[in-house]
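> Here's a structure for you.
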Amino acid sequence: MVKTVRAILFALLLLAPSLGAAEEPYLYRATLVQAAPGELLDLIDLYKESFTPPAPGGNEAPLWMRHSQGDRWDLLLLFPMGSWADYNRPDRIARRRKSPLASEASQARLSADVARQEDVFVYGPPLAQVRAAADRAGFFHVEMFEALPGRLADLRREREMENAYSQRLKRPQNLIFVRDAGAAWDLFTIGCYRDLKHYAESADIAPADQDAAARAAGFASASDIGPYLRRFLALHHDTLAVAVR
């Protein structure tokens, strides 16, 4: 009897959607690329050649940005997938195999231009929402997290609390992406801003207004946001990035 119950529970776990899939139905592939020394501009040119219309492989062109300061990667590319089933339709696979980036020459250039790459598949906001935020932006704040065991849901909730805080202060809210497979990052967020000045404008908000917004969002105060976040983290990387045009 006990074995039967365990088998049923195990089967239900396999069928259950991930945290990201349950709450954010759109699937993306985030690719973090570090260029080989001296090859970054050639790598950017290669991607630009490959991402011009028509979209690569019959898929949506990626959203991408270039590292300004922070983490070790040079480029972050966010490829829209939709869902695993849709992305792996035979017609889409066939088109990807014929895309410019899949050619032997492009693959040879990639091999020479890329020193390090990692991919993480994530569920995030609908593509239209992501594109609308990114298309208006020239500057980005990317935060990537590995959660402590059992604390991913708490981390996700904290990110939503920070969005509520930003909304009350009429500041841009972060796009939240939750891991489904791939690299170790459990969750990352992208804040989209017009430029560096727009990003830094939060420093001009009165402390009393910041504290009121923080309390309304569920924090003890504005100064408590950072310590509260760190309760749930095993690893946290920050990056500032600019749009690639």
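Residues are named by chain letter and number: chains run A, B, ... in the order of the structure tokens, numbers start at 1 in each chain, and ligands are numbered from 1 in the order shown.
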Residues near region 103-120 of chain A, anyone? I mean within 10 Å using only C-alpha atoms, not counting same-chain ones fewer than 6 positions away, as a PyMOL selection string.

chain A and resi 28-44+46-47+49-50+72-78+97+178-187

> Please tabulate, as JSON lines, the residues of region 141-207 of chain A that come within 9 Å of region 226-230 of chain A, each with its closest pair of atoms and the distance in Å to one decimal, counting only C-alpha atoms and ordering rows by chain, then residue number upward.


```
{"residue": "A:Leu155", "atom": "CA", "partner": "A:Leu229", "partner_atom": "CA", "distance": 7.1}
{"residue": "A:Glu158", "atom": "CA", "partner": "A:Leu229", "partner_atom": "CA", "distance": 6.5}
{"residue": "A:Arg159", "atom": "CA", "partner": "A:Leu229", "partner_atom": "CA", "distance": 8.3}
```

> Output N, CA and C atoms of each residue in that selection to a file, as a PDB file, in the first residue's frame.


```
ATOM      1  N   LEU A 155      11.727  33.647  -3.106  1.00  0.00           N
ATOM      2  CA  LEU A 155      12.474  34.581  -3.941  1.00  0.00           C
ATOM      3  C   LEU A 155      11.569  35.193  -4.989  1.00  0.00           C
ATOM      4  N   GLU A 158       9.433  37.776  -3.404  1.00  0.00           N
ATOM      5  CA  GLU A 158      10.178  39.005  -3.100  1.00  0.00           C
ATOM      6  C   GLU A 158      10.339  39.859  -4.338  1.00  0.00           C
ATOM      7  N   ARG A 159      10.602  39.238  -5.490  1.00  0.00           N
ATOM      8  CA  ARG A 159      10.737  39.994  -6.734  1.00  0.00           C
ATOM      9  C   ARG A 159       9.417  40.701  -7.077  1.00  0.00           C
TER      10      ARG A 159
END
```

> Quick one: of A:Leu27, A:Ala203, A:Leu101, A:Lys197, who's nearest to Val130 (chain A), counting only C-alpha atoms?

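Closest candidate: A:Leu27.
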
> Have a look at A:Phe140, A:Phe145, A:Tyr193, A:Phe219 and name the one nearest to Met161 (chain A); count only C-alpha atoms.

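Result for the nearest residue to Met161 (chain A): A:Phe219.
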
> I'd like to know which residues of region 7-242 of chain A are strand (DSSP E) (by DSSP, run on the backbone); could you write them as a PyMOL selection string?

chain A and resi 26-35+63-70+75-82+114-124+139-147+175-182+187-193+233-242

> Any idea what the distance is between CA of Ala220 (chain A) and CA of Ile205 (chain A)?

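Between CA of Ala220 (chain A) and CA of Ile205 (chain A) the gap is 17.7 Å.
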
> What's the separation between CA of Ala102 (chain A) and CA of Trp64 (chain A), in Å to one decimal place?

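Interatomic distance here is 18.7 Å.
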
> As a ChimeraX atom specification, please: every residue in region 30-238 of chain A that a backbone DSSP assignment puts in helix (DSSP H, G or I).

/A:40-51,56-58,84-87,90-97,100-102,104-113,127-135,152-168,196-204,207-217,222-230

> Report, in Å with one decimal, the straight-line distance from CA of Ser166 (chain A) to CA of Arg215 (chain A).

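Between CA of Ser166 (chain A) and CA of Arg215 (chain A) the gap is 12.0 Å.
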
> I'd like the contact shell of Gln69 (chain A) - 7 Å cut-off, only C-alpha atoms, skipping same-chain residues fewer than 3 positions apart - returned as a list in words.

Thr239, Leu240 and Ala241 of chain A
